[in-house]
file my_file_34.txt (compact mmCIF, C-alpha atoms)
# COMPACT_ATOMS: atom_id res chain seq x y z
CA LYS A 25 0.00 0.00 0.00
CA LYS A 26 1.43 3.33 -1.06
CA LYS A 27 2.26 5.68 1.81
CA ILE A 28 1.08 9.26 1.64
CA ASN A 29 3.41 12.06 2.57
CA LYS A 30 1.24 13.91 5.11
CA LYS A 31 3.02 17.20 4.71
CA TRP A 32 2.57 17.09 0.92
CA TYR A 33 -1.05 15.93 1.22
CA LEU A 34 -2.05 18.77 3.57
CA GLY A 35 0.01 21.29 1.67
CA ARG A 36 -1.53 20.58 -1.73
CA TYR A 37 -4.84 22.00 -0.48
CA CYS A 38 -3.13 25.12 0.81
CA THR A 39 -1.27 26.18 -2.32
CA HIS A 40 -1.16 29.82 -3.26
CA HIS A 41 0.55 31.79 -6.01
CA ILE A 42 3.63 33.94 -5.64
CA LYS A 43 4.79 36.35 -8.33
CA THR A 44 8.52 36.48 -8.89
CA ASN A 45 10.58 39.41 -10.09
CA GLY A 46 10.73 37.82 -13.52
CA GLY A 47 6.95 37.92 -13.85
CA THR A 48 6.50 34.17 -13.66
CA THR A 49 4.20 32.52 -11.14
CA THR A 50 5.22 29.70 -8.89
CA LYS A 51 3.25 27.62 -6.41
CA ARG A 52 4.11 27.08 -2.77
CA ASN A 53 2.57 24.51 -0.47
CA ASP A 54 1.79 26.00 2.94
CA SER A 55 0.48 23.77 5.76
CA LYS A 56 0.20 26.85 7.99
CA THR A 57 -2.57 28.14 5.74
CA PHE A 58 -4.36 24.83 6.16
CA ASN A 59 -4.07 25.06 9.94
CA LEU A 60 -5.45 28.60 9.82
CA ILE A 61 -8.45 27.45 7.80
CA MET A 62 -9.11 24.63 10.26
CA LYS A 63 -8.91 27.01 13.24
CA LYS A 64 -11.38 29.40 11.62
CA THR A 65 -13.73 26.51 10.84
CA ALA A 66 -13.56 25.31 14.45
CA PHE A 67 -14.23 28.85 15.73
CA PHE A 68 -17.37 29.33 13.62
CA LEU A 69 -18.59 25.84 14.57
CA LEU A 70 -18.17 26.68 18.26
CA LEU A 71 -19.95 30.00 17.74
CA PHE A 72 -22.84 28.23 16.01
CA VAL A 73 -23.21 25.68 18.84
CA SER A 74 -23.01 28.44 21.48
CA THR A 75 -25.75 30.40 19.72
CA ILE A 76 -28.01 27.34 19.73
CA CYS A 77 -27.37 26.72 23.43
CA PHE A 78 -28.04 30.36 24.28
CA SER A 79 -31.34 30.39 22.40
CA GLN A 80 -32.37 27.14 24.10
CA GLU A 81 -31.60 28.70 27.49
CA ASN A 82 -33.82 31.67 26.70
CA SER A 83 -36.67 29.47 25.49
CA LYS A 84 -37.19 27.52 28.74
CA ALA A 85 -39.70 29.98 30.16
CA THR A 86 -43.19 30.06 28.66
CA ILE A 87 -46.27 32.26 29.11
CA ASN A 88 -49.33 30.46 30.43
CA ALA A 89 -53.02 31.20 29.79
CA SER A 90 -53.08 33.76 32.62
CA GLY A 91 -50.23 35.69 31.05
CA ASP A 92 -47.74 34.59 33.70
CA LEU A 93 -44.15 33.66 32.91
CA VAL A 94 -43.47 30.09 34.08
CA GLY A 95 -40.36 27.93 34.03
CA ILE A 96 -36.62 28.52 34.19
CA THR A 97 -36.19 32.23 33.63
CA VAL A 98 -33.25 34.48 32.70
CA LYS A 99 -32.92 38.25 32.75
CA SER A 100 -33.73 38.66 29.05
CA ASP A 101 -37.16 37.06 29.59
CA PHE A 102 -38.17 40.20 31.48
CA ASP A 103 -37.43 42.39 28.45
CA GLN A 104 -40.87 41.66 26.99
CA LEU A 105 -44.12 43.39 27.90
CA PRO A 106 -45.76 43.54 30.37
CA TYR A 107 -42.89 42.33 32.58
CA SER A 108 -40.40 44.91 31.29
CA VAL A 109 -42.43 47.80 32.76
CA TRP A 110 -42.03 46.81 36.41
CA PHE A 111 -38.71 45.01 35.97
CA LYS A 112 -36.86 48.03 34.55
CA THR A 113 -38.45 50.42 37.04
CA ASN A 114 -37.52 48.32 40.08
CA TYR A 115 -34.08 47.45 38.69
CA ASP A 116 -33.14 51.07 38.04
CA SER A 117 -34.58 52.47 41.26
CA TYR A 118 -32.96 49.94 43.60
CA SER A 119 -30.00 51.46 45.45
CA LEU A 120 -27.57 48.88 46.81
CA ASP A 121 -25.59 49.29 50.00
CA ALA A 122 -21.96 49.49 48.86
CA LYS A 123 -20.46 48.06 52.08
CA THR A 124 -22.77 45.05 52.02
CA VAL A 125 -22.08 44.45 48.32
CA LYS A 126 -18.34 44.44 49.04
CA LYS A 127 -18.79 41.82 51.77
CA LEU A 128 -20.99 39.70 49.52
CA LYS A 129 -18.27 39.51 46.87
CA LYS A 130 -16.44 37.25 49.31
CA GLY A 131 -19.54 35.79 50.92
CA PHE A 132 -20.83 34.38 47.62
CA LYS A 133 -17.81 32.08 47.25
CA ASN A 134 -18.97 28.48 46.61
CA ILE A 135 -22.61 29.58 46.83
CA THR A 136 -25.35 28.43 44.45
CA ILE A 137 -28.83 29.95 44.37
CA LYS A 138 -32.28 28.68 43.43
CA ALA A 139 -34.82 31.51 43.32
CA PHE A 140 -38.57 30.98 42.96
CA MET A 141 -40.40 34.09 41.74
CA ALA A 142 -43.74 34.94 40.14
CA THR A 143 -44.58 37.62 37.60
CA TRP A 144 -48.04 38.03 39.19
CA CYS A 145 -46.62 38.60 42.69
CA ARG A 146 -45.98 42.12 44.03
CA ASP A 147 -43.02 41.05 46.20
CA SER A 148 -41.46 39.09 43.32
CA LYS A 149 -41.76 42.10 41.03
CA LYS A 150 -39.43 43.86 43.46
CA ALA A 151 -37.18 40.97 44.45
CA ALA A 152 -36.43 39.54 40.98
CA PRO A 153 -34.85 42.70 39.49
CA GLN A 154 -33.21 43.57 42.81
CA LEU A 155 -31.62 40.12 43.10
CA ILE A 156 -30.29 40.23 39.55
CA LYS A 157 -28.87 43.73 40.08
CA LEU A 158 -27.22 42.60 43.33
CA LEU A 159 -25.64 39.55 41.69
CA GLU A 160 -24.37 41.65 38.80
CA GLU A 161 -22.79 44.16 41.18
CA THR A 162 -21.00 41.40 43.12
CA GLY A 163 -19.72 39.69 39.97
CA PHE A 164 -21.68 36.55 40.78
CA ASP A 165 -21.31 33.64 38.35
CA PHE A 166 -24.81 33.36 36.86
CA THR A 167 -24.27 29.70 36.01
CA ASN A 168 -24.72 29.21 39.77
CA LEU A 169 -28.17 30.83 39.71
CA GLU A 170 -31.40 29.14 38.69
CA MET A 171 -34.42 31.43 38.70
CA ILE A 172 -37.81 29.77 38.32
CA THR A 173 -41.07 31.66 37.84
CA VAL A 174 -44.24 29.87 38.92
CA SER A 175 -47.96 30.05 38.21
CA ARG A 176 -50.59 31.36 40.62
CA SER A 177 -50.82 27.86 42.08
CA LYS A 178 -47.03 28.03 42.60
CA GLN A 179 -46.32 25.35 40.01
CA THR A 180 -44.48 24.92 36.70
CA PRO A 181 -45.29 22.60 33.78
CA ASP A 182 -42.18 20.52 34.57
CA HIS A 183 -42.87 20.48 38.33
CA LEU A 184 -39.60 22.28 39.06
CA GLU A 185 -41.00 23.30 42.44
CA LYS A 186 -41.32 19.69 43.60
CA ASP A 187 -39.32 18.71 46.70
CA PHE A 188 -38.64 22.34 47.70
CA ASP A 189 -41.62 22.85 50.04
CA LEU A 190 -42.61 25.99 48.16
CA LYS A 191 -45.22 27.87 50.18
CA THR A 192 -44.64 31.48 49.18
CA VAL A 193 -42.87 33.64 46.63
CA PRO A 194 -40.31 34.95 46.53
CA THR A 195 -38.43 31.97 47.96
CA ILE A 196 -34.67 32.14 47.48
CA LEU A 197 -32.66 29.10 48.54
CA PHE A 198 -28.92 29.26 49.17
CA TYR A 199 -26.61 26.28 48.93
CA LYS A 200 -23.00 25.74 49.91
CA ASP A 201 -21.19 22.56 48.92
CA GLY A 202 -24.53 21.13 47.82
CA LYS A 203 -26.31 21.72 51.14
CA GLU A 204 -29.05 24.26 51.80
CA ILE A 205 -27.83 26.87 54.29
CA GLY A 206 -30.84 29.19 54.39
CA ARG A 207 -33.90 30.72 52.74
CA TYR A 208 -35.07 34.22 52.01
CA LEU A 209 -38.87 34.34 52.04
CA GLU A 210 -41.29 36.92 50.64
CA TYR A 211 -39.77 40.20 51.88
CA PRO A 212 -36.62 41.29 53.77
CA ARG A 213 -36.13 41.79 57.50
CA GLU A 214 -33.68 44.61 56.72
CA THR A 215 -32.79 44.83 53.03
CA LEU A 216 -32.39 42.12 50.41
CA GLU A 217 -28.60 42.29 50.42
CA LYS A 218 -28.26 42.48 54.22
CA ASP A 219 -30.57 39.50 54.70
CA ILE A 220 -28.64 37.51 52.10
CA LEU A 221 -25.31 38.43 53.71
CA LYS A 222 -26.46 36.90 57.00
CA ILE A 223 -27.50 33.70 55.24
CA VAL A 224 -24.32 33.14 53.20
CA THR A 225 -21.96 34.06 56.05
CA GLY A 226 -23.67 31.70 58.51
CA LYS A 227 -24.97 34.36 60.88
CA LYS A 228 -28.24 33.89 62.77
CA TYR A 229 -31.11 34.82 60.49
CA GLN A 230 -34.88 34.69 60.69
CA ASN A 231 -36.84 35.02 57.47
CA SER A 232 -39.87 37.29 57.29
CA LEU A 233 -42.35 34.46 57.90
CA ASP A 234 -40.65 33.23 61.06
CA LYS A 235 -42.99 34.43 63.84
CA SER A 236 -40.80 33.30 66.70
CA LYS A 237 -39.02 35.86 68.87
CA GLN A 238 -36.76 37.88 66.63
CA LEU A 239 -33.04 37.35 67.12
call {"tool": "encode", "arguments": {"input": "my_file_34.txt", "output": "structure tokens"}}
result
Amino acid sequence: KKKINKKWYLGRYCTHHIKTNGGTTTKRNDSKTFNLIMKKTAFFLLLFVSTICFSQENSKATINASGDLVGITVKSDFDQLPYSVWFKTNYDSYSLDAKTVKKLKKGFKNITIKAFMATWCRDSKKAAPQLIKLLEETGFDFTNLEMITVSRSKQTPDHLEKDFDLKTVPTILFYKDGKEIGRYLEYPRETLEKDILKIVTGKKYQNSLDKSKQL
């Protein structure tokens, strides 16, 4: 069986013309050109796959018969009417406490978040944009956040609320090393960021629905 010279074989597809001083044209095999073509092909293939994944991520939330957003939700889902009206207003108007934000930049280390919200709920309309703004300010890795919007019966078509004892919205669960370390429920005791700081740093915290003697 005849052996193929790999360098020649790759080079023959990467031949380009060079004009000499004498006006004649010669051909030069260039494997570097071939490698460049392959790198560009790989880049555009990766870009294509990333675009598909991104669009799939944005398509997980749906609008039910009541006009409520339900399912796994990302920030861009709130860009559409009627959600954009209250989302933008509450996002822009929320003023974060700089000292608390600075502490949370460290406090969020190894933390993952599961946030249940509802587009029909007054408290969620405040908490959802505020939470996203807070996470952006702290440089939080959004791959560690899963936001789920639920129906008026606090459910989703895929039953994403199952096993989380969801009784009210907002409900924001915080995990460290795979274990739940605390919950933020409905509205803050102090402010959203100060309540969250207590949870992620392991300080004593009572959520708003805890009717026992306040710590």
call {"tool": "residues_around", "arguments": {"input": "my_file_34.txt", "residues": "Arg213 in chain A", "least_positions_apart": "6", "cutoff": "9 Å", "atoms": "all atoms listed in the file", "output": "list in words"}}
result
Asp219, Gln230, Asn231 and Ser232 of chain A
call {"tool": "residues_around", "arguments": {"input": "my_file_34.txt", "residues": "range 179-192 of chain A", "least_positions_apart": "2", "cutoff": "9 Å", "atoms": "all atoms listed in the file", "output": "list in words"}}
result
Val94, Gly95, Ile96, Phe140, Met141, Ile172, Thr173, Val174, Ser175, Arg176, Ser177, Pro194, Thr195, Leu209 and Glu210 of chain A
call {"tool": "residues_around", "arguments": {"input": "my_file_34.txt", "residues": "Lys150 in chain A", "least_positions_apart": "2", "cutoff": "12 Å", "atoms": "only C-alpha atoms", "output": "ChimeraX atom specification"}}
result
/A:107,109-118,141-148,152-157,193-194,210-212,215-216
call {"tool": "atom_distance", "arguments": {"input": "my_file_34.txt", "atom1": "CA of Glu161 in chain A", "atom2": "CA of Val125 in chain A"}}
result
7.2 Å
call {"tool": "residues_around", "arguments": {"input": "my_file_34.txt", "residues": "range 126-137 of chain A", "least_positions_apart": "5", "cutoff": "10 Å", "atoms": "all atoms listed in the file", "output": "ChimeraX atom specification"}}
result
/A:121,158-159,161-171,196-205,207,217-218,220-226
call {"tool": "atom_distance", "arguments": {"input": "my_file_34.txt", "atom1": "CA of Lys138 in chain A", "atom2": "CA of Tyr208 in chain A"}}
result
10.6 Å
call {"tool": "atom_distance", "arguments": {"input": "my_file_34.txt", "atom1": "CA of Ala85 in chain A", "atom2": "CA of Val98 in chain A"}}
result
8.3 Å
call {"tool": "closest_residue", "arguments": {"input": "my_file_34.txt", "among": "A:Ala139, A:Leu233, A:Ala151, A:Leu120", "to": "Thr97 in chain A", "atoms": "all atoms listed in the file"}}
result
A:Ala139
